[in-house]
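*Asks:* Please find my_file18.cif (mmCIF, C-alpha atoms and all ligand atoms) on the next line:
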data_start
loop_
_atom_site.label_atom_id
_atom_site.label_comp_id
_atom_site.auth_asym_id
_atom_site.auth_seq_id
_atom_site.Cartn_x
_atom_site.Cartn_y
_atom_site.Cartn_z
CA MET A 30 -53.55 205.84 77.07
CA PRO A 31 -56.46 208.14 76.11
CA GLY A 32 -57.80 207.54 72.64
CA LEU A 33 -56.21 204.11 72.42
CA ASP A 34 -57.57 202.44 75.50
CA PRO A 35 -59.67 199.43 74.50
CA GLY A 36 -63.15 199.39 75.91
CA ILE A 37 -63.67 203.10 76.61
CA HIS A 38 -65.74 203.67 73.46
CA ALA A 39 -69.41 202.84 73.11
CA GLU A 40 -68.79 201.78 69.49
CA PRO A 41 -65.83 199.65 68.37
CA ARG A 42 -62.96 201.83 67.24
CA LYS A 43 -62.10 201.88 63.57
CA VAL A 44 -58.68 201.17 62.06
CA HIS A 45 -58.44 204.74 60.78
CA ASP A 46 -59.02 206.31 64.24
CA ALA A 47 -56.66 203.94 65.97
CA ILE A 48 -53.90 204.79 63.50
CA CYS A 49 -54.49 208.55 63.88
CA ASP A 50 -54.40 208.37 67.69
CA ALA A 51 -51.27 206.23 67.73
CA THR A 52 -49.56 208.46 65.16
CA LYS A 53 -50.09 211.50 67.43
CA ARG A 54 -48.68 209.68 70.42
CA LEU A 55 -45.64 208.36 68.56
CA ARG A 56 -44.93 211.79 67.09
CA ALA A 57 -45.06 213.32 70.56
CA ALA A 58 -42.58 210.65 71.74
CA GLY A 59 -40.09 211.77 69.06
CA VAL A 60 -40.51 208.75 66.76
CA GLU A 61 -39.17 209.59 63.30
CA SER A 62 -41.87 207.90 61.16
CA PRO A 63 -44.93 207.82 63.45
CA ARG A 64 -47.66 207.05 60.89
CA ARG A 65 -45.68 204.33 59.15
CA ASP A 66 -44.85 202.71 62.48
CA ALA A 67 -48.45 202.96 63.72
CA ARG A 68 -49.64 201.19 60.57
CA LEU A 69 -46.98 198.49 60.85
CA LEU A 70 -47.84 197.85 64.49
CA LEU A 71 -51.58 197.74 63.86
CA ALA A 72 -51.09 195.28 60.99
CA GLU A 73 -48.97 193.16 63.35
CA ALA A 74 -51.59 193.39 66.13
CA MET A 75 -54.38 192.36 63.73
CA GLY A 76 -52.36 189.59 62.09
CA VAL A 77 -52.51 191.34 58.71
CA SER A 78 -49.48 190.57 56.55
CA HIS A 79 -48.97 194.12 55.18
CA PRO A 80 -50.25 197.56 56.34
CA ALA A 81 -51.53 198.25 52.81
CA LEU A 82 -54.14 195.56 53.46
CA LEU A 83 -55.64 197.40 56.45
CA ASP A 84 -59.19 198.59 55.82
CA PRO A 85 -59.56 202.07 57.44
CA SER A 86 -63.27 201.54 58.13
CA CYS A 87 -62.83 198.12 59.74
CA PRO A 88 -63.76 198.01 63.46
CA LEU A 89 -61.12 196.78 65.91
CA SER A 90 -61.96 193.87 68.20
CA ASP A 91 -61.14 194.34 71.89
CA SER A 92 -58.29 191.86 71.67
CA ASP A 93 -56.74 193.47 68.56
CA SER A 94 -57.08 196.84 70.25
CA ALA A 95 -55.39 195.60 73.44
CA ARG A 96 -52.51 194.08 71.42
CA PHE A 97 -52.13 197.33 69.51
CA VAL A 98 -52.03 199.43 72.69
CA ASP A 99 -49.29 197.21 74.08
CA LYS A 100 -47.17 197.64 70.94
CA VAL A 101 -47.72 201.40 70.75
CA VAL A 102 -46.65 201.81 74.38
CA ARG A 103 -43.44 199.92 73.60
CA ARG A 104 -42.78 202.07 70.52
CA GLU A 105 -43.44 205.22 72.57
CA ALA A 106 -40.57 204.05 74.78
CA ARG A 107 -38.56 204.01 71.51
CA GLU A 108 -38.26 200.27 71.14
CA PRO A 109 -37.72 199.67 67.38
CA VAL A 110 -40.61 198.20 65.37
CA SER A 111 -38.41 195.25 64.39
CA ARG A 112 -37.83 194.33 68.04
CA ILE A 113 -41.54 194.68 68.84
CA ARG A 114 -42.36 192.40 65.92
CA GLY A 115 -39.42 190.11 66.80
CA THR A 116 -38.13 189.84 63.25
CA ARG A 117 -36.13 191.82 60.71
CA GLU A 118 -35.71 191.28 56.98
CA PHE A 119 -32.13 191.24 55.71
CA TRP A 120 -31.10 190.38 52.14
CA GLY A 121 -34.67 189.21 51.53
CA LEU A 122 -34.50 186.69 54.40
CA ASP A 123 -36.42 186.92 57.66
CA PHE A 124 -34.36 186.88 60.88
CA ALA A 125 -35.56 186.38 64.45
CA LEU A 126 -34.13 188.91 66.92
CA SER A 127 -33.38 188.61 70.62
CA PRO A 128 -32.17 191.10 73.24
CA ALA A 129 -28.63 189.70 72.71
CA THR A 130 -28.54 190.40 68.97
CA LEU A 131 -28.03 193.59 67.03
CA ASP A 132 -31.03 194.57 64.93
CA PRO A 133 -29.55 193.96 61.44
CA ARG A 134 -29.18 197.15 59.39
CA PRO A 135 -29.77 197.69 55.68
CA ASP A 136 -26.25 199.25 55.56
CA THR A 137 -24.79 195.84 56.37
CA GLU A 138 -26.10 194.55 53.05
CA THR A 139 -23.19 196.58 51.62
CA VAL A 140 -20.87 193.87 53.00
CA ILE A 141 -22.80 191.21 51.06
CA GLU A 142 -22.67 193.32 47.89
CA ALA A 143 -18.91 193.87 48.35
CA VAL A 144 -18.34 190.12 48.74
CA LEU A 145 -20.38 189.29 45.63
CA ALA A 146 -18.40 191.89 43.65
CA ALA A 147 -15.12 190.41 44.94
CA TYR A 148 -16.12 186.96 43.63
CA ALA A 149 -17.72 188.17 40.39
CA SER A 150 -15.04 186.54 38.24
CA SER A 151 -13.51 183.93 40.53
CA ALA A 152 -14.56 180.63 42.09
CA PRO A 153 -16.98 181.19 44.98
CA PRO A 154 -15.76 180.69 48.56
CA LEU A 155 -16.30 177.27 50.14
CA ARG A 156 -15.38 178.01 53.76
CA ILE A 157 -16.67 181.19 55.40
CA LEU A 158 -16.00 182.62 58.86
CA ASP A 159 -18.36 185.27 60.31
CA LEU A 160 -16.92 187.04 63.35
CA GLY A 161 -19.52 188.57 65.67
CA THR A 162 -22.36 186.76 63.94
CA GLY A 163 -25.23 188.12 66.10
CA SER A 164 -28.50 187.12 64.40
CA ASN A 165 -26.39 185.28 61.77
CA CYS A 166 -27.71 187.60 59.05
CA ILE A 167 -24.40 187.97 57.18
CA LEU A 168 -23.55 184.28 57.18
CA CYS A 169 -27.06 183.19 56.14
CA ALA A 170 -27.11 185.75 53.30
CA LEU A 171 -23.76 184.41 52.07
CA LEU A 172 -24.82 180.75 52.37
CA HIS A 173 -27.89 181.73 50.36
CA GLU A 174 -25.67 183.28 47.65
CA PHE A 175 -22.99 180.55 47.68
CA PRO A 176 -24.90 177.24 47.76
CA ALA A 177 -21.76 175.06 47.98
CA ALA A 178 -20.30 176.94 50.96
CA THR A 179 -20.26 176.08 54.64
CA GLY A 180 -19.73 178.62 57.41
CA VAL A 181 -18.76 179.15 61.02
CA GLY A 182 -20.41 181.90 63.06
CA ILE A 183 -18.66 183.16 66.18
CA ASP A 184 -20.00 185.37 68.93
CA ILE A 185 -19.00 186.01 72.52
CA GLU A 186 -22.66 186.03 73.64
CA HIS A 187 -24.26 182.63 74.29
CA ASP A 188 -27.72 184.07 73.72
CA ALA A 189 -26.72 185.59 70.39
CA ILE A 190 -25.37 182.21 69.26
CA ALA A 191 -28.68 180.59 70.27
CA THR A 192 -30.53 183.07 68.02
CA ALA A 193 -27.96 182.61 65.23
CA ARG A 194 -28.47 178.85 65.36
CA LEU A 195 -32.26 179.27 65.36
CA ASN A 196 -32.10 181.52 62.28
CA ALA A 197 -29.82 179.12 60.40
CA ALA A 198 -32.31 176.31 61.11
CA ARG A 199 -35.38 178.38 60.19
CA LEU A 200 -33.79 179.41 56.89
CA GLY A 201 -32.66 175.91 55.97
CA PHE A 202 -28.92 176.34 56.54
CA ALA A 203 -28.54 174.19 59.67
CA ASP A 204 -26.45 171.57 57.89
CA ARG A 205 -24.07 174.17 56.43
CA ALA A 206 -23.54 176.41 59.46
CA SER A 207 -21.81 175.73 62.77
CA PHE A 208 -21.39 178.01 65.73
CA VAL A 209 -18.81 178.75 68.40
CA VAL A 210 -19.01 180.94 71.50
CA ALA A 211 -15.58 182.57 71.60
CA ASP A 212 -13.61 185.78 71.86
CA TRP A 213 -13.28 186.61 68.16
CA ALA A 214 -11.08 184.08 66.32
CA SER A 215 -9.07 182.99 69.37
CA ALA A 216 -10.52 179.46 69.27
CA ILE A 217 -10.43 179.04 65.48
CA ALA A 218 -7.66 177.54 63.36
CA GLY A 219 -8.81 178.22 59.77
CA PRO A 220 -7.96 178.65 57.03
CA PHE A 221 -11.05 180.16 55.43
CA ASP A 222 -11.66 181.36 51.88
CA LEU A 223 -13.68 184.27 53.21
CA VAL A 224 -13.66 186.07 56.58
CA VAL A 225 -16.51 188.54 57.14
CA SER A 226 -17.48 190.73 60.04
CA ASN A 227 -19.71 193.57 61.07
CA PRO A 228 -17.91 194.32 64.33
CA PRO A 229 -18.78 196.81 67.08
CA TYR A 230 -17.22 200.03 65.78
CA ILE A 231 -18.88 202.94 67.60
CA PRO A 232 -16.40 205.02 69.64
CA ARG A 233 -17.37 204.36 73.26
CA THR A 234 -18.07 207.99 74.17
CA GLU A 235 -20.52 208.35 71.25
CA ILE A 236 -22.85 205.52 72.26
CA ALA A 237 -24.91 207.55 74.72
CA SER A 238 -25.68 210.16 72.03
CA LEU A 239 -27.09 207.63 69.54
CA ALA A 240 -30.86 207.46 68.97
CA PRO A 241 -32.68 205.71 71.85
CA GLU A 242 -33.67 202.91 69.44
CA VAL A 243 -29.96 202.05 69.23
CA ALA A 244 -28.45 203.15 72.55
CA ALA A 245 -31.18 201.59 74.71
CA PHE A 246 -32.09 198.49 72.69
CA ASP A 247 -29.06 197.22 70.75
CA PRO A 248 -26.72 195.27 73.05
CA ARG A 249 -23.80 197.36 74.26
CA ARG A 250 -21.37 194.65 73.16
CA ALA A 251 -22.63 194.94 69.60
CA LEU A 252 -21.84 198.66 69.52
CA ASP A 253 -18.79 199.38 71.66
CA GLY A 254 -15.65 199.57 69.53
CA GLY A 255 -13.42 200.96 72.27
CA ASP A 256 -12.09 204.50 72.64
CA ASP A 257 -11.81 205.24 68.92
CA GLY A 258 -14.08 202.47 67.58
CA LEU A 259 -11.15 200.54 66.07
CA ASP A 260 -10.43 197.89 68.74
CA PHE A 261 -11.76 195.00 66.64
CA TYR A 262 -9.78 195.90 63.52
CA ARG A 263 -6.59 196.03 65.61
CA ARG A 264 -7.37 192.50 66.87
CA LEU A 265 -8.43 191.11 63.49
CA SER A 266 -5.69 192.47 61.20
CA PRO A 267 -2.73 190.48 62.61
CA ALA A 268 -4.91 187.33 62.77
CA LEU A 269 -5.96 187.44 59.11
CA PRO A 270 -2.79 185.86 57.62
CA ARG A 271 -3.46 182.84 59.85
CA LEU A 272 -7.21 182.76 59.18
CA LEU A 273 -7.17 183.19 55.39
CA THR A 274 -6.12 180.85 52.58
CA PRO A 275 -3.45 182.42 50.27
CA THR A 276 -6.21 183.57 47.87
CA GLY A 277 -8.60 184.38 50.71
CA VAL A 278 -10.76 187.49 51.04
CA ALA A 279 -11.65 189.54 54.13
CA ALA A 280 -14.71 191.82 54.05
CA VAL A 281 -15.60 193.98 57.02
CA GLU A 282 -18.11 196.69 57.74
CA ILE A 283 -16.70 200.02 58.93
CA GLY A 284 -18.06 203.11 60.64
CA LEU A 285 -17.82 206.77 59.72
CA ARG A 286 -14.31 207.98 58.79
CA GLN A 287 -12.74 204.58 59.53
CA ALA A 288 -11.83 203.48 55.98
CA GLU A 289 -8.34 204.99 55.93
CA GLU A 290 -7.24 203.68 59.32
CA VAL A 291 -8.68 200.18 58.75
CA GLY A 292 -6.95 200.08 55.35
CA ARG A 293 -3.67 201.07 57.03
CA LEU A 294 -4.08 198.30 59.65
CA PHE A 295 -4.71 195.73 56.90
CA SER A 296 -1.71 196.95 54.86
CA SER A 297 0.66 196.76 57.79
CA ASN A 298 -0.35 193.10 58.30
CA GLY A 299 0.35 191.79 54.79
CA LEU A 300 -2.99 192.50 53.13
CA GLU A 301 -3.93 194.85 50.34
CA VAL A 302 -7.21 196.70 50.13
CA ALA A 303 -9.07 195.48 47.03
CA SER A 304 -12.08 197.78 47.32
CA VAL A 305 -14.02 200.15 49.54
CA ARG A 306 -17.78 200.04 48.94
CA ALA A 307 -20.22 202.79 49.87
CA ASP A 308 -23.70 202.28 51.29
CA LEU A 309 -26.84 203.81 49.76
CA SER A 310 -26.13 207.18 51.36
CA GLY A 311 -22.64 207.27 49.81
CA THR A 312 -20.77 206.56 53.06
CA PRO A 313 -17.83 204.12 52.76
CA ARG A 314 -19.27 201.09 54.56
CA ALA A 315 -17.37 197.91 53.59
CA ILE A 316 -13.69 197.16 52.99
CA VAL A 317 -12.51 194.13 51.04
CA ALA A 318 -8.89 193.02 51.42
CA ARG A 319 -6.79 190.12 50.12
CA MET A 320 -3.48 188.63 51.14
CA ARG A 321 -0.62 190.43 49.34
C1 LIG B 1 -22.30 194.96 65.28
S1 LIG B 1 -22.82 193.39 65.92
C2 LIG B 1 -23.04 192.51 64.38
C3 LIG B 1 -24.06 191.42 64.44
C4 LIG B 1 -24.41 190.82 63.07
N1 LIG B 1 -23.25 190.25 62.43
C5 LIG B 1 -25.02 191.90 62.19
O1 LIG B 1 -24.35 192.34 61.25
O2 LIG B 1 -26.17 192.30 62.40
C6 LIG B 1 -21.29 192.78 66.57
C7 LIG B 1 -21.36 191.40 67.18
O3 LIG B 1 -20.06 191.09 67.73
C8 LIG B 1 -20.22 190.39 68.94
N2 LIG B 1 -18.99 190.54 69.74
C9 LIG B 1 -18.60 191.60 70.49
N3 LIG B 1 -17.41 191.36 71.07
C10 LIG B 1 -17.03 190.12 70.66
C11 LIG B 1 -15.89 189.31 70.92
N4 LIG B 1 -14.90 189.74 71.72
N5 LIG B 1 -15.83 188.09 70.33
C12 LIG B 1 -16.84 187.64 69.54
N6 LIG B 1 -17.95 188.37 69.26
C13 LIG B 1 -18.04 189.59 69.80
C14 LIG B 1 -21.44 191.03 69.57
O4 LIG B 1 -22.01 190.18 70.56
C15 LIG B 1 -22.32 191.26 68.36
O5 LIG B 1 -23.18 190.15 68.13
#
Take the structure I supplied and represent it as structure tokens, if you would.

*Replies:*
Amino acid sequence: MPGLDPGIHAEPRKVHDAICDATKRLRAAGVESPRRDARLLLAEAMGVSHPALLDPSCPLSDSDSARFVDKVVRREAREPVSRIRGTREFWGLDFALSPATLDPRPDTETVIEAVLAAYASSAPPLRILDLGTGSNCILCALLHEFPAATGVGIDIEHDAIATARLNAARLGFADRASFVVADWASAIAGPFDLVVSNPPYIPRTEIASLAPEVAAFDPRRALDGGDDGLDFYRRLSPALPRLLTPTGVAAVEIGLRQAEEVGRLFSSNGLEVASVRADLSGTPRAIVARMR
């Protein structure tokens, strides 16, 4: 990698030059925010807690430079910064990632907001079920918000459940969270006060056209929602009357243009849609429903 290769310069390279070189390379690779990512990766390589703390005139040691090169090469291949760093912040909490887990998205915080709004004037939920828990980001955020609650996280991937369990322990929720490897709620009796899910909802034929950061690095099982993206909601809707207490709440994330059809599926299974919440870009992103 010309310009980044450690050891080819008579004088140690400076932070500023390393960032400029990496920015050029990442831009050429089609990365959307090349300078920001270069700074984040250099801070990570140097063990600096925030890119703002990088001193542009500081020389890079050979080992920092080698670590940086390694990270830039991975980002050039369009691996997301969060996967290179191995962690992602969600709802102010830090989650470890693994190849079996989806990289949690800021949009999914809309589900947490929708749940908090649903319980604004009623007793908080005590028993929570998270279907397709992945990194466990949704369940941990809810356990953080509802200190008396316990939760069950379900995923079909053993490795995702291992990461979910690790995150619950790291964040101090190990004694309030349990985990099951299962096909959705097939192994679960309930009832729960709150059922949440961010399911796979991308129509299968659209996956290949997603950004490489998603299509090549998020697990296929976390994305693939079947032919029209709605497979999960068809499975979940008839199960909800069994899974929910009579005053229970279901809150699920949805994809583009899915609000109407998911609402119809809920309605035809004895639930009523209480609210549809938009994400920061104004796209309907979370549906909250209650038993009718
Ligand atoms: C979109 S990801 C959501 C992960 C996490 N909850 C989040 O919001 O970042 C969907 C999750 O559902 C899991 N999943 C897919 N099919 C499943 C099934 N049949 N039963 C249980 N979990 C499943 C995937 O492994 C993945 O972890």

*Asks:* Give as a PyMOL selection string the residues surrounding ligand LIG 1 (chain B) up to a distance of 7 Å, considering all atoms listed in the file.

*Replies:* chain A and resi 129-134+137+160-167+183-186+189+211-213+226-229+250-252

*Asks:* Can you list, as an MDAnalysis selection string, every protein, DNA or RNA residue that comes within 12 Å of A:Gly284 when you count all atoms listed in the file, leaving out same-chain residues fewer than 3 positions away?

*Replies:* chainID A and resid 136:137 227:232 252:254 257:259 261:262 281 287:291 307:308 312:316

*Asks:* Under the rule that all atoms listed in the file are counted, which of A:Ala245, A:Ala47, A:Val181, A:Leu122 is the nearest residue to A:Pro85?

*Replies:*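 Counting all atoms listed in the file, the residue closest to A:Pro85 is A:Ala47.
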
*Asks:* Skipping near chain neighbours, those fewer than 6 positions away, what residues fall within 9 Å of stretch 273-279 of chain A using only C-alpha atoms, listed as a PyMOL selection string?

*Replies:* chain A and resi 144+147+154+219-226+316-321

*Asks:* Suppose you want the space between atom CA of A:Ala74 and atom CA of A:Lys100; what is it in Å?

*Replies:* 7.8 Å

*Asks:* So which one's closest to A:Arg54, A:Glu105, A:Asp66, A:Asp99, A:Glu118? Using all atoms listed in the file, please.

*Replies:*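 Using all atoms listed in the file, the shortest distance to A:Arg54 belongs to A:Glu105.
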
*Asks:* In Å, how far is it from atom CA of A:Glu174 to atom CA of A:Ile141?

*Replies:* 9.1 Å

*Asks:* Looking at all atoms listed in the file, which of A:Cys49, A:Ile283, A:Leu171, A:Ala268 is the one that sits closest to A:Leu300?

*Replies:* A:Ala268

*Asks:* Point out the residue among A:Ala191, A:Ala149, A:Ile157, A:Val60 with the least atom-to-atom distance to A:Glu242, counting only C-alpha atoms.

*Replies:*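 Closest to A:Glu242 of all the choices is A:Val60.
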
*Asks:* May I ask which of the residues A:Ala125, A:Gly299, A:Ala57, A:Arg64 is the closest one to A:Ala198, counting only C-alpha atoms?

*Replies:* A:Ala125

*Asks:* Rank nothing, just name the residue among A:Gly292, A:Glu138, A:His187, A:Leu126 nearest to A:Val305, using only C-alpha atoms.

*Replies:*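 Residue with the minimum atom-to-atom distance to A:Val305: A:Gly292.
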
*Asks:* Mind checking which residues fall within 9 Å of A:Pro153, counting all atoms listed in the file, ignoring those fewer than 2 positions away in the same chain, and posting them as an MDAnalysis selection string?

*Replies:* chainID A and resid 145 148:151 155 175 177:178 222

*Asks:* Just write the chosen residues, C-alpha atoms, as a JSON list (two decimals), keeping the file's coordinate frame.

*Replies:*
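Produced file result_21.json, reproduced below:
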[["chain", "number", "residue", "atom", "x", "y", "z"],
["A", 145, "LEU", "CA", -20.38, 189.29, 45.63],
["A", 148, "TYR", "CA", -16.12, 186.96, 43.63],
["A", 149, "ALA", "CA", -17.72, 188.17, 40.39],
["A", 150, "SER", "CA", -15.04, 186.54, 38.24],
["A", 151, "SER", "CA", -13.51, 183.93, 40.53],
["A", 155, "LEU", "CA", -16.30, 177.27, 50.14],
["A", 175, "PHE", "CA", -22.99, 180.55, 47.68],
["A", 177, "ALA", "CA", -21.76, 175.06, 47.98],
["A", 178, "ALA", "CA", -20.30, 176.94, 50.96],
["A", 222, "ASP", "CA", -11.66, 181.36, 51.88]]

*Asks:* One decimal, in Å: what's the spacing between atom CA of A:Cys169 and atom CA of A:Phe202?

*Replies:* 7.1 Å
